[in-house]
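**Q** To be precise about what I am sending: the file is called work-v7.txt and holds compact mmCIF, C-alpha atoms.
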# COMPACT_ATOMS: atom_id res chain seq x y z
CA MET T 1 90.62 48.13 146.00
CA HIS T 2 89.76 51.83 146.21
CA TRP T 3 86.07 51.13 145.53
CA ARG T 4 85.99 48.80 148.54
CA ALA T 5 87.60 51.55 150.63
CA TYR T 6 84.90 54.04 149.58
CA TRP T 7 82.20 51.49 150.36
CA LEU T 8 83.61 50.99 153.87
CA ILE T 9 83.80 54.77 154.34
CA LEU T 10 80.15 55.08 153.27
CA LEU T 11 79.15 52.42 155.81
CA ALA T 12 81.14 54.27 158.48
CA GLY T 13 79.24 57.47 157.68
CA PHE T 14 75.98 55.53 157.87
CA ARG T 15 76.87 54.10 161.30
CA ARG T 16 78.16 57.43 162.61
CA GLN T 17 74.89 59.16 161.76
CA SER T 18 72.94 56.43 163.61
CA ARG T 19 74.42 57.68 166.88
CA TYR T 20 72.57 61.00 166.75
CA ARG T 21 69.10 59.64 167.43
CA LEU T 22 67.80 62.49 169.57
CA ALA T 23 69.03 65.03 167.00
CA LEU T 24 67.25 63.08 164.26
CA LEU T 25 64.07 63.00 166.34
CA ALA T 26 64.30 66.76 166.84
CA GLY T 27 64.83 67.15 163.09
CA LEU T 28 61.74 65.06 162.40
CA LEU T 29 59.71 67.27 164.73
CA ALA T 30 60.99 70.42 163.02
CA ASN T 31 60.32 68.92 159.58
CA THR T 32 56.75 68.10 160.59
CA VAL T 33 55.99 71.52 162.06
CA PHE T 34 57.40 73.44 159.11
CA GLY T 35 55.77 70.98 156.74
CA LEU T 36 52.37 71.76 158.24
CA ILE T 37 53.05 75.49 157.94
CA ARG T 38 54.20 75.21 154.30
CA ALA T 39 51.29 72.95 153.39
CA SER T 40 48.83 75.42 154.90
CA VAL T 41 50.34 78.43 153.13
CA LEU T 42 50.70 76.80 149.72
CA GLY T 43 47.33 75.09 150.03
CA ALA T 44 45.62 78.41 150.78
CA THR T 45 47.45 80.01 147.84
CA LEU T 46 46.27 77.27 145.49
CA LEU T 47 42.67 77.47 146.67
CA ALA T 48 42.73 81.25 146.23
CA ALA T 49 43.92 80.66 142.65
CA GLY T 50 40.89 78.47 141.93
CA GLY T 51 42.22 74.99 142.66
CA HIS T 52 45.11 74.86 140.16
CA LEU T 53 48.35 76.80 140.21
CA ALA T 54 51.00 76.58 137.45
CA GLY T 55 49.68 73.11 136.60
CA TYR T 56 49.72 71.86 140.20
CA SER T 57 46.63 70.25 141.67
CA TYR T 58 46.11 70.28 145.45
CA ALA T 59 47.40 66.70 145.82
CA GLU T 60 50.47 67.41 143.68
CA LEU T 61 51.31 70.52 145.67
CA MET T 62 50.97 68.67 148.98
CA THR T 63 53.19 65.92 147.59
CA PHE T 64 55.77 68.55 146.68
CA VAL T 65 55.71 69.86 150.26
CA TRP T 66 55.98 66.54 152.07
CA LEU T 67 58.45 64.88 149.75
CA GLY T 68 60.58 67.98 150.14
CA GLN T 69 60.31 67.81 153.93
CA GLY T 70 61.31 64.15 153.78
CA LEU T 71 64.44 64.92 151.75
CA LEU T 72 65.41 68.08 153.59
CA GLY T 73 67.49 66.36 156.28
CA SER T 74 69.53 64.44 153.70
CA LEU T 75 70.25 67.29 151.30
CA ASN T 76 73.06 69.64 152.20
CA MET T 77 71.12 72.87 151.77
CA TRP T 78 72.80 74.74 154.62
CA GLY T 79 76.49 74.39 153.77
CA ARG T 80 77.51 72.06 156.60
CA THR T 81 80.75 70.14 156.05
CA ASP T 82 83.86 69.30 158.06
CA LEU T 83 85.89 70.15 154.98
CA THR T 84 85.53 73.88 155.64
CA GLU T 85 87.38 73.80 158.95
CA ARG T 86 90.02 71.34 157.74
CA VAL T 87 90.91 73.64 154.84
CA ARG T 88 90.96 76.69 157.11
CA ALA T 89 93.19 75.00 159.70
CA GLY T 90 95.48 73.29 157.18
CA ASP T 91 94.52 69.81 158.40
CA ILE T 92 93.52 69.04 154.82
CA ALA T 93 97.22 68.29 154.24
CA VAL T 94 96.77 65.06 156.22
CA ASP T 95 93.78 64.13 154.05
CA TYR T 96 95.84 64.62 150.89
CA ALA T 97 98.45 62.20 152.25
CA ARG T 98 95.91 59.37 152.41
CA PRO T 99 95.63 56.80 149.59
CA VAL T 100 92.07 57.80 148.65
CA SER T 101 90.64 60.91 147.03
CA VAL T 102 89.87 63.68 149.52
CA VAL T 103 86.62 64.58 147.78
CA GLY T 104 85.68 60.92 147.30
CA ALA T 105 86.21 60.12 150.98
CA TYR T 106 84.17 63.08 152.20
CA LEU T 107 81.45 62.33 149.67
CA ALA T 108 81.23 58.68 150.74
CA THR T 109 81.01 59.68 154.42
CA ASP T 110 78.35 62.32 153.84
CA LEU T 111 76.34 60.12 151.48
CA GLY T 112 76.26 57.38 154.10
CA ALA T 113 75.02 59.86 156.70
CA ALA T 114 72.40 61.23 154.30
CA LEU T 115 71.07 57.77 153.45
CA TYR T 116 70.69 56.92 157.12
CA THR T 117 68.87 60.20 157.76
CA LEU T 118 66.20 59.18 155.27
CA LEU T 119 65.16 56.30 157.55
CA PRO T 120 64.36 57.92 160.92
CA ARG T 121 63.67 61.43 159.61
CA GLY T 122 62.72 61.42 155.92
CA VAL T 123 60.34 58.45 155.70
CA PRO T 124 58.38 59.30 158.89
CA ALA T 125 57.93 62.92 157.76
CA LEU T 126 56.53 61.72 154.44
CA CYS T 127 54.23 59.25 156.23
CA ILE T 128 52.89 62.02 158.47
CA GLY T 129 52.14 64.11 155.40
CA TRP T 130 50.49 61.10 153.74
CA LEU T 131 48.21 60.60 156.76
CA ALA T 132 47.32 64.28 157.09
CA PHE T 133 46.94 65.24 153.41
CA ASP T 134 45.92 63.79 150.09
CA LEU T 135 49.19 63.05 148.27
CA ALA T 136 49.75 61.99 144.65
CA PHE T 137 52.71 59.86 143.56
CA ALA T 138 54.02 58.83 140.16
CA PRO T 139 51.64 56.36 138.46
CA ASN T 140 54.17 54.45 136.33
CA ALA T 141 57.07 52.04 136.81
CA ILE T 142 59.64 54.21 135.01
CA ASN T 143 59.30 56.99 137.57
CA TRP T 144 59.41 54.55 140.48
CA PHE T 145 62.61 53.03 139.09
CA ILE T 146 64.31 56.38 138.46
CA ALA T 147 63.18 58.13 141.67
CA PRO T 148 65.70 56.51 144.12
CA PHE T 149 68.61 57.26 141.77
CA SER T 150 67.31 60.80 141.28
CA ILE T 151 67.21 61.33 145.05
CA ILE T 152 70.79 60.06 145.42
CA ALA T 153 71.92 62.29 142.54
CA GLY T 154 70.30 65.29 144.25
CA ILE T 155 72.10 64.51 147.50
CA VAL T 156 75.47 64.14 145.75
CA ILE T 157 75.03 67.39 143.80
CA SER T 158 74.20 69.30 147.00
CA GLN T 159 77.35 67.95 148.65
CA LEU T 160 79.52 68.80 145.64
CA VAL T 161 78.25 72.38 145.60
CA VAL T 162 79.13 72.74 149.29
CA TYR T 163 82.57 71.20 148.74
CA SER T 164 83.26 73.67 145.92
CA ILE T 165 82.56 76.52 148.34
CA ALA T 166 84.56 74.97 151.19
CA LEU T 167 87.59 74.50 148.93
CA LEU T 168 87.61 78.23 148.19
CA GLY T 169 89.21 78.42 151.65
CA PHE T 170 92.54 77.75 149.94
CA TRP T 171 92.39 81.29 148.53
CA VAL T 172 90.10 83.29 150.85
CA VAL T 173 90.35 83.75 154.60
CA GLU T 174 86.66 83.06 155.35
CA THR T 175 84.01 81.17 153.37
CA ARG T 176 81.05 81.68 155.73
CA GLY T 177 79.67 84.50 153.61
CA PHE T 178 79.62 82.25 150.55
CA MET T 179 77.98 79.48 152.56
CA MET T 180 75.28 81.85 153.84
CA ALA T 181 74.60 83.07 150.31
CA TYR T 182 74.26 79.45 149.19
CA ALA T 183 71.98 78.54 152.11
CA VAL T 184 69.61 81.40 151.25
CA GLY T 185 69.84 81.69 147.48
CA GLY T 186 70.63 78.09 146.61
CA SER T 187 67.83 76.62 148.70
CA PHE T 188 65.32 79.05 147.21
CA LEU T 189 66.38 78.33 143.61
CA ALA T 190 66.31 74.60 144.39
CA GLY T 191 62.56 74.87 145.01
CA LEU T 192 62.60 74.64 148.80
CA ALA T 193 60.18 77.50 149.47
CA ILE T 194 58.01 77.19 146.37
CA PRO T 195 58.20 75.03 143.24
CA VAL T 196 60.44 76.49 140.55
CA ARG T 197 57.47 76.50 138.14
CA LEU T 198 55.62 78.91 140.44
CA MET T 199 58.43 81.47 140.10
CA PRO T 200 58.27 84.31 137.56
CA GLY T 201 59.59 83.22 134.17
CA TRP T 202 62.83 85.18 134.42
CA LEU T 203 63.59 83.77 137.88
CA ALA T 204 62.77 80.22 136.82
CA ALA T 205 65.17 80.66 133.88
CA ILE T 206 67.93 81.73 136.28
CA ALA T 207 67.21 78.70 138.49
CA ASP T 208 67.31 76.33 135.51
CA ALA T 209 70.77 77.66 134.58
CA THR T 210 72.13 76.48 137.97
CA PRO T 211 72.54 73.04 139.55
CA PHE T 212 70.15 73.92 142.38
CA PRO T 213 66.86 72.55 140.94
CA SER T 214 68.64 69.23 140.33
CA MET T 215 69.05 68.89 144.09
CA LEU T 216 65.38 69.08 145.08
CA GLN T 217 62.94 70.10 142.35
CA ALA T 218 63.99 67.33 139.94
CA PRO T 219 63.64 64.43 142.44
CA LEU T 220 60.28 65.82 143.57
CA ASP T 221 58.99 66.12 139.99
CA ILE T 222 60.02 62.54 139.23
CA ALA T 223 58.69 60.97 142.44
CA ALA T 224 55.43 62.93 142.38
CA GLY T 225 54.79 62.22 138.70
CA ARG T 226 54.96 65.83 137.53
CA VAL T 227 57.12 64.48 134.71
CA LEU T 228 56.39 61.03 133.30
CA GLY T 229 58.09 58.43 131.16
CA MET T 230 60.74 59.79 128.82
CA GLU T 231 60.30 63.29 130.23
CA ALA T 232 61.31 61.90 133.63
CA VAL T 233 64.32 60.23 132.00
CA ALA T 234 65.28 63.59 130.47
CA VAL T 235 65.02 65.32 133.86
CA PHE T 236 67.20 62.64 135.41
CA GLY T 237 69.65 63.06 132.54
CA GLY T 238 69.86 66.76 133.42
CA GLN T 239 70.73 65.78 136.98
CA LEU T 240 73.49 63.48 135.77
CA ALA T 241 74.85 66.28 133.60
CA TRP T 242 75.02 68.64 136.58
CA LEU T 243 76.53 65.89 138.73
CA THR T 244 79.29 65.45 136.15
CA VAL T 245 79.91 69.20 135.86
CA MET T 246 80.09 69.70 139.62
CA GLY T 247 82.24 66.59 140.08
CA LEU T 248 84.78 67.85 137.54
CA LEU T 249 84.67 71.35 139.03
CA VAL T 250 85.30 70.14 142.59
CA ALA T 251 88.07 67.79 141.43
CA GLY T 252 89.72 70.68 139.57
CA ILE T 253 89.48 73.05 142.54
CA SER T 254 90.88 70.32 144.81
CA ARG T 255 93.90 69.78 142.55
CA LEU T 256 94.58 73.52 142.32
CA GLY T 257 94.17 73.87 146.08
CA ARG T 258 96.64 71.08 146.70
CA ARG T 259 99.25 72.92 144.64
CA HIS T 260 98.47 76.15 146.47
CA LEU T 261 98.56 74.60 149.95
CA GLU T 262 101.32 75.70 152.28
CA VAL T 263 101.78 74.15 155.71
CA GLN T 264 104.00 75.78 158.33
CA GLY T 265 106.93 73.57 159.27
CA GLY T 266 107.55 71.92 155.90
Rewrite the coordinates I just gave you, this time as structure tokens.
**A**
Amino acid sequence: MHWRAYWLILLAGFRRQSRYRLALLAGLLANTVFGLIRASVLGATLLAAGGHLAGYSYAELMTFVWLGQGLLGSLNMWGRTDLTERVRAGDIAVDYARPVSVVGAYLATDLGAALYTLLPRGVPALCIGWLAFDLAFAPNAINWFIAPFSIIAGIVISQLVVYSIALLGFWVVETRGFMMAYAVGGSFLAGLAIPVRLMPGWLAAIADATPFPSMLQAPLDIAAGRVLGMEAVAVFGGQLAWLTVMGLLVAGISRLGRRHLEVQGG
């Protein structure tokens, strides 16, 4: 019965997001403009390096840019969630009284919204990049099969990371500083600005020790064919491992927060 409830909540999140059509159009415009800027900068860098950079060809690098722009609206890279304010105001007590998991309900809602965003914002951005640049996608069936699940896993991990920060509001007065640090540092280590493999070795090692590359870099590597066959399966397995770790972490923080919660008036 609970699984049906989560499915209905996901559909509600999908429908709710469909109401913000002008905002999605504005997001598509922003994605396209910044995609053109990123493609120009990274393309010039690659050409200055002689046509190959850290194993990337021009087509692979352009694919990295435009796939990333297509996913950007669906990934929670900026720390946005209603959970933050509900914890701060104490309204989370009402959520705990409901017959479904607080984290599960928010995750279903946000996943539904993210999946809808892919349609009017993600796919058109990728198509624009495809028309304007030479893109290269995975050449085998294994990658094509794994890629949609990898994208969903990346979206879920990004939401779980944000929830873990929002739930810190049970113990700290303000979480905006943590969210800003995540928006800057997390997005960079996820591979938003440049691929993780273009980073210095020590910085790439730090990134690989965090869940951030599993949000963006991993889905891009799988969809673009940077990793193939069993290597793609291994990368997806790493995503699932991080999804499990973050899921358990958020569930644990939520349980501790529920015990810590105090609401004025009883």
**Q** Quick one: residues within 9 Å of segment 177-182 of chain T, only C-alpha atoms, excluding same-chain residues fewer than 5 positions away - as an mmCIF file with C-alpha atoms, in the frame of the given file?
**A**
data_model
loop_
_atom_site.group_PDB
_atom_site.id
_atom_site.type_symbol
_atom_site.label_atom_id
_atom_site.label_comp_id
_atom_site.auth_asym_id
_atom_site.auth_seq_id
_atom_site.Cartn_x
_atom_site.Cartn_y
_atom_site.Cartn_z
ATOM 1 C CA MET T 77 71.120 72.870 151.770
ATOM 2 C CA TRP T 78 72.800 74.740 154.620
ATOM 3 C CA GLY T 79 76.490 74.390 153.770
ATOM 4 C CA ARG T 80 77.510 72.060 156.600
ATOM 5 C CA VAL T 161 78.250 72.380 145.600
ATOM 6 C CA VAL T 162 79.130 72.740 149.290
ATOM 7 C CA ILE T 165 82.560 76.520 148.340
ATOM 8 C CA ALA T 166 84.560 74.970 151.190
ATOM 9 C CA SER T 187 67.830 76.620 148.700
#
**Q** Could you pull the residues within 10 Å of segment 4-14 of chain T, counting all atoms listed in the file, minus those fewer than 6 positions along the same chain, as number ranges by chain?
**A** T: 99-101, 104-117
**Q** The centre and edge lengths of an axis-aligned box containing all atoms of segment 4-20 of chain T present in the file, extended by 4 Å on each side, are to be given in Å to one decimal, as JSON.
**A**
{"center_x": 80.1, "center_y": 54.9, "center_z": 157.7, "size_x": 23.0, "size_y": 20.2, "size_z": 26.3}
**Q** Show which residues sit within 12 Å of segment 87-96 of chain T, as a ChimeraX atom specification. Count only C-alpha atoms, and ignore same-chain residues fewer than 5 positions away.
**A** /T:81-82,101-106,163-176,254-255,257-266
**Q** To one decimal place, how far is atom CA of Gly191 of chain T from atom CA of Leu29 of chain T in Å?
**A**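 Atom CA of Leu29 of chain T lies at a distance of 21.3 Å from atom CA of Gly191 of chain T.
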**Q** Atom CA of Leu28 of chain T to atom CA of Arg16 of chain T: how many Å, to one decimal?
**A** 18.1 Å
**Q** I'd like the neighbourhood of segment 237-251 of chain T as a PDB file with C-alpha atoms, in the frame of the given file, where a residue qualifies if any of its atoms comes within 6 Å (using only C-alpha atoms), though same-chain residues fewer than 4 positions away should be ignored.
**A**
ATOM      1  CA  ILE T 157      75.030  67.390 143.800  1.00  0.00           C
ATOM      2  CA  SER T 164      83.260  73.670 145.920  1.00  0.00           C
ATOM      3  CA  PRO T 211      72.540  73.040 139.550  1.00  0.00           C
ATOM      4  CA  SER T 214      68.640  69.230 140.330  1.00  0.00           C
TER       5      SER T 214
END
